[in-house]
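Coordinates as given in my_file33.txt (compact mmCIF, C-alpha atoms):
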```
# COMPACT_ATOMS: atom_id res chain seq x y z
CA MET G 1 0.18 1.12 29.69
CA ASP G 2 0.99 4.59 30.88
CA TRP G 3 4.76 4.03 30.97
CA LEU G 4 4.57 4.29 27.18
CA ASP G 5 3.05 7.76 27.50
CA ARG G 6 6.23 8.95 29.18
CA ILE G 7 8.19 8.56 25.92
CA LYS G 8 8.53 11.68 23.80
CA TRP G 9 7.91 10.21 20.37
CA ASP G 10 9.36 12.19 17.48
CA ARG G 11 7.34 13.73 14.62
CA ASP G 12 7.25 10.29 12.97
CA GLY G 13 6.03 8.61 16.15
CA LEU G 14 9.43 6.97 16.69
CA VAL G 15 12.10 6.89 19.36
CA PRO G 16 15.82 6.11 18.84
CA VAL G 17 17.00 2.89 20.49
CA ILE G 18 20.51 1.81 21.47
CA ALA G 19 21.10 -1.92 22.02
CA GLN G 20 23.98 -2.62 24.38
CA GLU G 21 25.29 -6.09 25.21
CA ALA G 22 24.65 -6.69 28.92
CA GLY G 23 27.72 -8.81 29.55
CA SER G 24 30.40 -6.90 27.63
CA GLY G 25 28.96 -3.40 27.56
CA ASP G 26 29.51 -3.32 23.78
CA VAL G 27 27.14 -1.11 21.82
CA LEU G 28 25.73 -3.55 19.29
CA MET G 29 23.37 -1.52 17.15
CA PHE G 30 21.08 1.45 16.84
CA ALA G 31 17.51 1.30 15.56
CA TRP G 32 14.05 2.84 16.01
CA MET G 33 10.84 1.86 17.74
CA ASN G 34 7.28 3.07 17.57
CA ARG G 35 4.85 2.65 20.42
CA GLU G 36 3.79 -0.83 19.37
CA ALA G 37 7.39 -2.00 18.96
CA LEU G 38 8.29 -0.86 22.47
CA ALA G 39 5.16 -2.43 23.94
CA ARG G 40 5.93 -5.72 22.20
CA THR G 41 9.59 -5.60 23.28
CA SER G 42 8.53 -5.27 26.89
CA ALA G 43 5.87 -7.98 26.66
CA LEU G 44 8.02 -10.44 24.70
CA GLY G 45 11.36 -9.85 26.42
CA GLN G 46 12.98 -9.69 22.98
CA ALA G 47 13.78 -6.65 20.86
CA VAL G 48 11.13 -5.63 18.35
CA TYR G 49 12.04 -2.57 16.28
CA TRP G 50 10.31 -0.45 13.67
CA SER G 51 12.00 -0.87 10.32
CA ARG G 52 11.96 2.54 8.64
CA SER G 53 13.06 1.07 5.29
CA ARG G 54 10.37 -1.62 5.28
CA GLN G 55 7.81 0.40 7.25
CA ARG G 56 6.83 -2.52 9.42
CA LEU G 57 7.54 -4.08 12.80
CA TRP G 58 10.80 -5.99 12.80
CA HIS G 59 11.33 -8.72 15.37
CA LYS G 60 15.13 -8.70 15.37
CA GLY G 61 16.28 -12.22 14.54
CA GLU G 62 13.13 -13.22 12.66
CA GLU G 63 15.24 -14.05 9.58
CA SER G 64 18.71 -14.57 11.03
CA GLY G 65 17.81 -16.34 14.28
CA HIS G 66 19.89 -13.66 16.01
CA PHE G 67 17.28 -12.59 18.54
CA GLN G 68 18.01 -10.14 21.33
CA GLN G 69 16.95 -11.13 24.83
CA VAL G 70 16.12 -7.92 26.70
CA HIS G 71 17.24 -7.62 30.33
CA GLU G 72 16.62 -3.92 30.91
CA ILE G 73 14.76 -1.09 29.22
CA ARG G 74 16.03 2.37 30.10
CA ILE G 75 15.20 5.89 28.96
CA ASP G 76 17.31 9.01 29.14
CA CYS G 77 16.78 12.24 31.07
CA ASP G 78 14.73 13.77 28.24
CA ASP G 79 12.52 10.68 27.88
CA ASP G 80 13.29 10.58 24.16
CA VAL G 81 15.94 7.85 23.77
CA VAL G 82 15.72 4.17 24.78
CA LEU G 83 18.63 2.01 25.89
CA LEU G 84 18.22 -1.78 25.88
CA LYS G 85 20.54 -4.12 27.76
CA VAL G 86 20.46 -7.33 25.80
CA THR G 87 21.98 -10.73 25.26
CA GLN G 88 22.59 -11.32 21.58
CA LEU G 89 21.33 -14.85 20.88
CA GLY G 90 21.88 -17.38 18.06
CA HIS G 91 25.67 -17.35 17.79
CA GLU G 92 28.61 -17.29 20.15
CA PRO G 93 29.96 -14.62 20.26
CA GLY G 94 26.80 -12.68 19.45
CA ILE G 95 26.22 -11.30 15.95
CA ALA G 96 24.09 -8.15 15.87
CA CYS G 97 25.14 -6.83 12.46
CA HIS G 98 23.76 -7.91 9.11
CA THR G 99 27.37 -7.98 7.84
CA GLY G 100 28.03 -10.94 10.18
CA ARG G 101 29.95 -8.87 12.71
CA HIS G 102 29.46 -8.68 16.47
CA SER G 103 28.54 -4.99 16.43
CA CYS G 104 27.31 -2.64 13.73
CA PHE G 105 29.91 -0.08 14.89
CA TYR G 106 32.90 -1.74 13.24
CA GLN G 107 34.18 1.24 11.24
CA ARG G 108 36.65 3.48 13.04
CA LEU G 109 38.07 6.80 11.88
CA GLU G 110 41.84 6.48 11.53
CA THR G 111 43.87 9.40 10.15
CA GLY G 112 41.00 10.63 8.01
CA ARG G 113 39.75 7.26 6.78
CA TRP G 114 37.11 4.79 7.92
CA GLN G 115 38.67 1.42 8.64
CA ALA G 116 36.78 -1.79 9.36
CA VAL G 117 38.30 -2.98 12.64
CA GLU G 118 36.08 -5.91 13.62
CA PRO G 119 36.09 -9.35 11.99
CA VAL G 120 33.20 -10.97 10.13
CA LEU G 121 32.18 -13.86 12.40
CA LYS G 122 29.84 -15.53 9.93
CA ASP G 123 29.25 -15.15 6.22
CA PRO G 124 26.01 -13.16 5.77
CA GLU G 125 25.02 -15.50 2.94
CA THR G 126 24.84 -18.34 5.45
CA ILE G 127 22.91 -16.15 7.94
CA TYR G 128 20.10 -15.08 5.57
CA ARG G 129 18.85 -17.99 3.53
CA MET S 130 37.58 16.05 4.34
CA ASP S 131 35.98 13.25 2.39
CA TRP S 132 35.44 11.02 5.43
CA LEU S 133 32.59 13.38 6.29
CA ASP S 134 30.97 12.62 2.93
CA ARG S 135 30.61 9.01 3.99
CA ILE S 136 28.03 9.94 6.62
CA LYS S 137 24.40 9.65 5.56
CA TRP S 138 23.02 12.85 7.08
CA ASP S 139 19.30 12.83 7.76
CA ARG S 140 16.75 15.23 6.22
CA ASP S 141 17.81 17.86 8.79
CA GLY S 142 21.50 17.39 8.01
CA LEU S 143 22.08 15.60 11.30
CA VAL S 144 23.38 12.24 12.48
CA PRO S 145 22.56 10.51 15.80
CA VAL S 146 25.54 10.16 18.15
CA ILE S 147 26.05 7.76 21.06
CA ALA S 148 28.70 8.69 23.64
CA GLN S 149 30.14 5.67 25.44
CA GLU S 150 32.64 5.84 28.28
CA ALA S 151 35.85 4.23 27.07
CA GLY S 152 36.89 2.78 30.42
CA SER S 153 33.61 1.40 31.75
CA GLY S 154 31.65 0.82 28.54
CA ASP S 155 28.76 2.79 30.04
CA VAL S 156 26.51 4.55 27.55
CA LEU S 157 26.61 8.13 28.83
CA MET S 158 24.35 10.09 26.51
CA PHE S 159 22.80 10.44 23.09
CA ALA S 160 22.88 13.60 21.00
CA TRP S 161 23.08 14.86 17.42
CA MET S 162 25.79 16.29 15.18
CA ASN S 163 25.77 18.16 11.92
CA ARG S 164 28.72 18.14 9.55
CA GLU S 165 30.48 21.02 11.28
CA ALA S 166 30.03 19.47 14.74
CA LEU S 167 31.59 16.19 13.62
CA ALA S 168 34.46 17.99 11.87
CA ARG S 169 35.14 20.03 15.02
CA THR S 170 34.91 16.96 17.25
CA SER S 171 37.56 15.24 15.18
CA ALA S 172 39.81 18.30 15.02
CA LEU S 173 39.45 19.22 18.70
CA GLY S 174 39.46 15.75 20.22
CA GLN S 175 36.46 16.77 22.33
CA ALA S 176 32.79 16.22 21.66
CA VAL S 177 30.97 19.05 19.88
CA TYR S 178 27.29 18.38 19.27
CA TRP S 179 24.48 20.19 17.50
CA SER S 180 21.89 21.37 19.99
CA ARG S 181 18.49 20.94 18.34
CA SER S 182 16.74 22.94 21.06
CA ARG S 183 19.14 25.89 20.82
CA GLN S 184 19.90 25.43 17.10
CA ARG S 185 23.60 26.00 17.56
CA LEU S 186 26.87 24.12 18.02
CA TRP S 187 27.28 22.87 21.57
CA HIS S 188 30.77 22.15 22.86
CA LYS S 189 29.81 19.67 25.58
CA GLY S 190 31.17 21.02 28.87
CA GLU S 191 31.25 24.67 27.79
CA GLU S 192 29.02 25.59 30.76
CA SER S 193 29.54 22.68 33.15
CA GLY S 194 33.24 22.01 32.60
CA HIS S 195 32.24 18.41 31.91
CA PHE S 196 34.03 18.04 28.60
CA GLN S 197 34.29 14.75 26.74
CA GLN S 198 37.71 13.69 25.53
CA VAL S 199 37.22 11.65 22.36
CA HIS S 200 39.34 8.52 21.88
CA GLU S 201 37.54 6.94 18.97
CA ILE S 202 34.96 7.92 16.37
CA ARG S 203 33.05 5.03 14.86
CA ILE S 204 30.16 4.71 12.41
CA ASP S 205 27.76 1.86 11.93
CA CYS S 206 27.19 -0.44 8.98
CA ASP S 207 24.68 1.96 7.39
CA ASP S 208 26.97 5.00 7.83
CA ASP S 209 24.16 6.85 9.57
CA VAL S 210 24.96 6.59 13.30
CA VAL S 211 28.12 7.75 15.12
CA LEU S 212 29.58 6.12 18.24
CA LEU S 213 32.12 8.08 20.30
CA LYS S 214 34.40 6.43 22.86
CA VAL S 215 35.08 9.13 25.40
CA THR S 216 36.51 10.00 28.77
CA GLN S 217 34.06 12.16 30.71
CA LEU S 218 36.16 14.97 32.21
CA GLY S 219 35.61 17.47 35.04
CA HIS S 220 34.44 15.21 37.84
CA GLU S 221 35.35 11.81 39.19
CA PRO S 222 33.37 9.69 38.48
CA GLY S 223 32.33 11.39 35.24
CA ILE S 224 29.06 13.33 35.03
CA ALA S 225 27.54 13.35 31.55
CA CYS S 226 23.96 14.21 32.51
CA HIS S 227 22.58 17.67 33.21
CA THR S 228 20.80 16.16 36.24
CA GLY S 229 24.21 15.59 37.85
CA ARG S 230 24.23 11.85 37.18
CA HIS S 231 26.93 9.74 35.58
CA SER S 232 24.76 8.73 32.62
CA CYS S 233 21.61 10.17 31.09
CA PHE S 234 20.13 6.64 31.02
CA TYR S 235 19.26 6.46 34.70
CA GLN S 236 15.56 5.57 34.37
CA ARG S 237 14.80 1.85 34.21
CA LEU S 238 11.47 0.19 33.51
CA GLU S 239 10.45 -1.90 36.54
CA THR S 240 7.06 -3.64 36.60
CA GLY S 241 5.45 -1.00 34.42
CA ARG S 242 7.06 2.07 35.99
CA TRP S 243 10.14 4.16 35.28
CA GLN S 244 12.44 4.18 38.28
CA ALA S 245 15.52 6.38 38.70
CA VAL S 246 18.25 3.89 39.56
CA GLU S 247 21.42 6.01 39.47
CA PRO S 248 22.46 8.54 42.12
CA VAL S 249 22.89 12.28 41.61
CA LEU S 250 26.64 12.80 41.99
CA LYS S 251 26.54 16.59 42.10
CA ASP S 252 23.74 19.12 42.55
CA PRO S 253 22.98 20.61 39.11
CA GLU S 254 22.70 24.05 40.72
CA THR S 255 26.39 23.86 41.58
CA ILE S 256 27.26 22.59 38.09
CA TYR S 257 25.59 25.39 36.12
CA ARG S 258 26.29 28.78 37.63
```

Can you dump the structure from the file as structure tokens?
Amino acid sequence: MDWLDRIKWDRDGLVPVIAQEAGSGDVLMFAWMNREALARTSALGQAVYWSRSRQRLWHKGEESGHFQQVHEIRIDCDDDVVLLKVTQLGHEPGIACHTGRHSCFYQRLETGRWQAVEPVLKDPETIYR
Amino acid sequence: MDWLDRIKWDRDGLVPVIAQEAGSGDVLMFAWMNREALARTSALGQAVYWSRSRQRLWHKGEESGHFQQVHEIRIDCDDDVVLLKVTQLGHEPGIACHTGRHSCFYQRLETGRWQAVEPVLKDPETIYR
């Protein structure tokens, strides 16, 4: 699959990935993929990342049920960043964050302090059982 | 400025940054910041990145005039990724990409090939003089 050769993998063999909700345009999360994760994402039509903390493939939603259906895979002008357009499955509205929030980017800088500005939609203890 | 201490800088002292257009929700570009770049971005209200290729601070727009006005600075749940909500200045519609396109993410995977799916809005040779 020579489209995978186009990616400029970093020194760890990874590429940064942005997951954006197709309907709302919200940036949901940021993660990493290796070559196998990107190949599986394309084949499966669902996001499969590389977990740097666990050092293994991570099919997003495998524990939470919050899978990401992938509509588009894009790369940037330098061929070293991936953008996914996804539908966040398993809850309405979608929950991408392990804290039970819609998006991982829920902390906003306000007058020199980080403030959580998005609600918890579901208790994480009921997501991960 | 202790809000900067909250960021989990990587082994190179950098943090990944996503720039999203505030009005449209479009993801415009991806870049990196070090501590000084993020401090300057907050103080200036315009995006200042760390150029890894040039190993220096990079005030986005310094050559092209395509500055990014920053409306919000967000961080993710792990405190290791920054999301900027910006207005892309200097051209209408905004040009974030050095290729003269609106967004750097103009290449989409279509049946195993990367296709450029966004138009060039301005000839790069007339942007960088």

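Candidate residues G:Glu21, G:Asp79, G:Glu36, G:Glu118 were compared for distance to Trp58 in chain G, and the nearest is G:Glu36, using all atoms listed in the file.
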
Under the rule of at most 8 Å, produce a per-residue listing of chain G near chain S: chain, number, name, the closest pair of atoms, and the distance in Å, as JSON lines, using all atoms listed in the file.
```
{"residue": "G:Met1", "atom": "CA", "partner": "S:Gly241", "partner_atom": "CA", "distance": 7.4}
{"residue": "G:Asp2", "atom": "CA", "partner": "S:Gly241", "partner_atom": "CA", "distance": 8.0}
{"residue": "G:Trp3", "atom": "CA", "partner": "S:Arg242", "partner_atom": "CA", "distance": 5.9}
{"residue": "G:Ser24", "atom": "CA", "partner": "S:Gly154", "partner_atom": "CA", "distance": 7.9}
{"residue": "G:Gly25", "atom": "CA", "partner": "S:Gly154", "partner_atom": "CA", "distance": 5.1}
{"residue": "G:Asp26", "atom": "CA", "partner": "S:Gly154", "partner_atom": "CA", "distance": 6.7}
{"residue": "G:Met29", "atom": "CA", "partner": "S:Asp205", "partner_atom": "CA", "distance": 7.6}
{"residue": "G:Phe30", "atom": "CA", "partner": "S:Val210", "partner_atom": "CA", "distance": 7.3}
{"residue": "G:Glu72", "atom": "CA", "partner": "S:Arg237", "partner_atom": "CA", "distance": 6.9}
{"residue": "G:Ile73", "atom": "CA", "partner": "S:Leu238", "partner_atom": "CA", "distance": 5.6}
{"residue": "G:Arg74", "atom": "CA", "partner": "S:Arg237", "partner_atom": "CA", "distance": 4.3}
{"residue": "G:Ile75", "atom": "CA", "partner": "S:Phe234", "partner_atom": "CA", "distance": 5.4}
{"residue": "G:Asp76", "atom": "CA", "partner": "S:Phe234", "partner_atom": "CA", "distance": 4.1}
{"residue": "G:Cys77", "atom": "CA", "partner": "S:Cys233", "partner_atom": "CA", "distance": 5.3}
{"residue": "G:Val81", "atom": "CA", "partner": "S:Phe159", "partner_atom": "CA", "distance": 7.4}
{"residue": "G:Leu83", "atom": "CA", "partner": "S:Phe234", "partner_atom": "CA", "distance": 7.1}
{"residue": "G:Cys97", "atom": "CA", "partner": "S:Cys206", "partner_atom": "CA", "distance": 7.6}
{"residue": "G:Thr99", "atom": "CA", "partner": "S:Cys206", "partner_atom": "CA", "distance": 7.6}
{"residue": "G:Cys104", "atom": "CA", "partner": "S:Asp205", "partner_atom": "CA", "distance": 4.9}
{"residue": "G:Phe105", "atom": "CA", "partner": "S:Asp205", "partner_atom": "CA", "distance": 4.1}
{"residue": "G:Tyr106", "atom": "CA", "partner": "S:Asp205", "partner_atom": "CA", "distance": 6.4}
{"residue": "G:Gln107", "atom": "CA", "partner": "S:Arg203", "partner_atom": "CA", "distance": 5.4}
{"residue": "G:Arg108", "atom": "CA", "partner": "S:Arg203", "partner_atom": "CA", "distance": 4.3}
{"residue": "G:Leu109", "atom": "CA", "partner": "S:Ile202", "partner_atom": "CA", "distance": 5.6}
{"residue": "G:Gly112", "atom": "CA", "partner": "S:Trp132", "partner_atom": "CA", "distance": 6.1}
{"residue": "G:Arg113", "atom": "CA", "partner": "S:Trp132", "partner_atom": "CA", "distance": 5.9}
{"residue": "G:Trp114", "atom": "CA", "partner": "S:Trp132", "partner_atom": "CA", "distance": 6.9}
```

Within 9 Å of Glu192 in chain S, counting only C-alpha atoms, which residues qualify if same-chain residues fewer than 2 places away don't, as a ChimeraX atom specification?
-> /S:188-190,194-195,256-258

Distance cut-off 10 Å, centre (11.2, -0.1, 15.5) in file coordinates, counting all atoms listed in the file: which residues qualify? Return them as a PDB file with C-alpha atoms, keeping the file's coordinate frame.
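Below is the file that was written, out-v6.pdb:
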```pdb
ATOM      1  CA  LEU G  14       9.430   6.970  16.690  1.00  0.00           C
ATOM      2  CA  VAL G  15      12.100   6.890  19.360  1.00  0.00           C
ATOM      3  CA  PRO G  16      15.820   6.110  18.840  1.00  0.00           C
ATOM      4  CA  VAL G  17      17.000   2.890  20.490  1.00  0.00           C
ATOM      5  CA  ALA G  31      17.510   1.300  15.560  1.00  0.00           C
ATOM      6  CA  TRP G  32      14.050   2.840  16.010  1.00  0.00           C
ATOM      7  CA  MET G  33      10.840   1.860  17.740  1.00  0.00           C
ATOM      8  CA  ASN G  34       7.280   3.070  17.570  1.00  0.00           C
ATOM      9  CA  ARG G  35       4.850   2.650  20.420  1.00  0.00           C
ATOM     10  CA  GLU G  36       3.790  -0.830  19.370  1.00  0.00           C
ATOM     11  CA  ALA G  37       7.390  -2.000  18.960  1.00  0.00           C
ATOM     12  CA  LEU G  38       8.290  -0.860  22.470  1.00  0.00           C
ATOM     13  CA  THR G  41       9.590  -5.600  23.280  1.00  0.00           C
ATOM     14  CA  ALA G  47      13.780  -6.650  20.860  1.00  0.00           C
ATOM     15  CA  VAL G  48      11.130  -5.630  18.350  1.00  0.00           C
ATOM     16  CA  TYR G  49      12.040  -2.570  16.280  1.00  0.00           C
ATOM     17  CA  TRP G  50      10.310  -0.450  13.670  1.00  0.00           C
ATOM     18  CA  SER G  51      12.000  -0.870  10.320  1.00  0.00           C
ATOM     19  CA  ARG G  52      11.960   2.540   8.640  1.00  0.00           C
ATOM     20  CA  GLN G  55       7.810   0.400   7.250  1.00  0.00           C
ATOM     21  CA  ARG G  56       6.830  -2.520   9.420  1.00  0.00           C
ATOM     22  CA  LEU G  57       7.540  -4.080  12.800  1.00  0.00           C
ATOM     23  CA  TRP G  58      10.800  -5.990  12.800  1.00  0.00           C
ATOM     24  CA  HIS G  59      11.330  -8.720  15.370  1.00  0.00           C
ATOM     25  CA  LYS G  60      15.130  -8.700  15.370  1.00  0.00           C
TER      26      LYS G  60
END
```

Padded axis-aligned box of range 49-58 of chain G (6 Å per side), centre and edge lengths, Å, one decimal, as lines of an AutoDock Vina configuration file:
```
center_x = 9.9
center_y = -1.7
center_z = 10.8
size_x = 18.2
size_y = 20.5
size_z = 23.0
```

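For the atom pair formed by CA of Arg140 in chain S and CA of Arg169 in chain S, the distance is 20.9 Å, given to one decimal.
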
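The coordinates place CA of Glu92 in chain G at 28.0 Å from CA of His200 in chain S.
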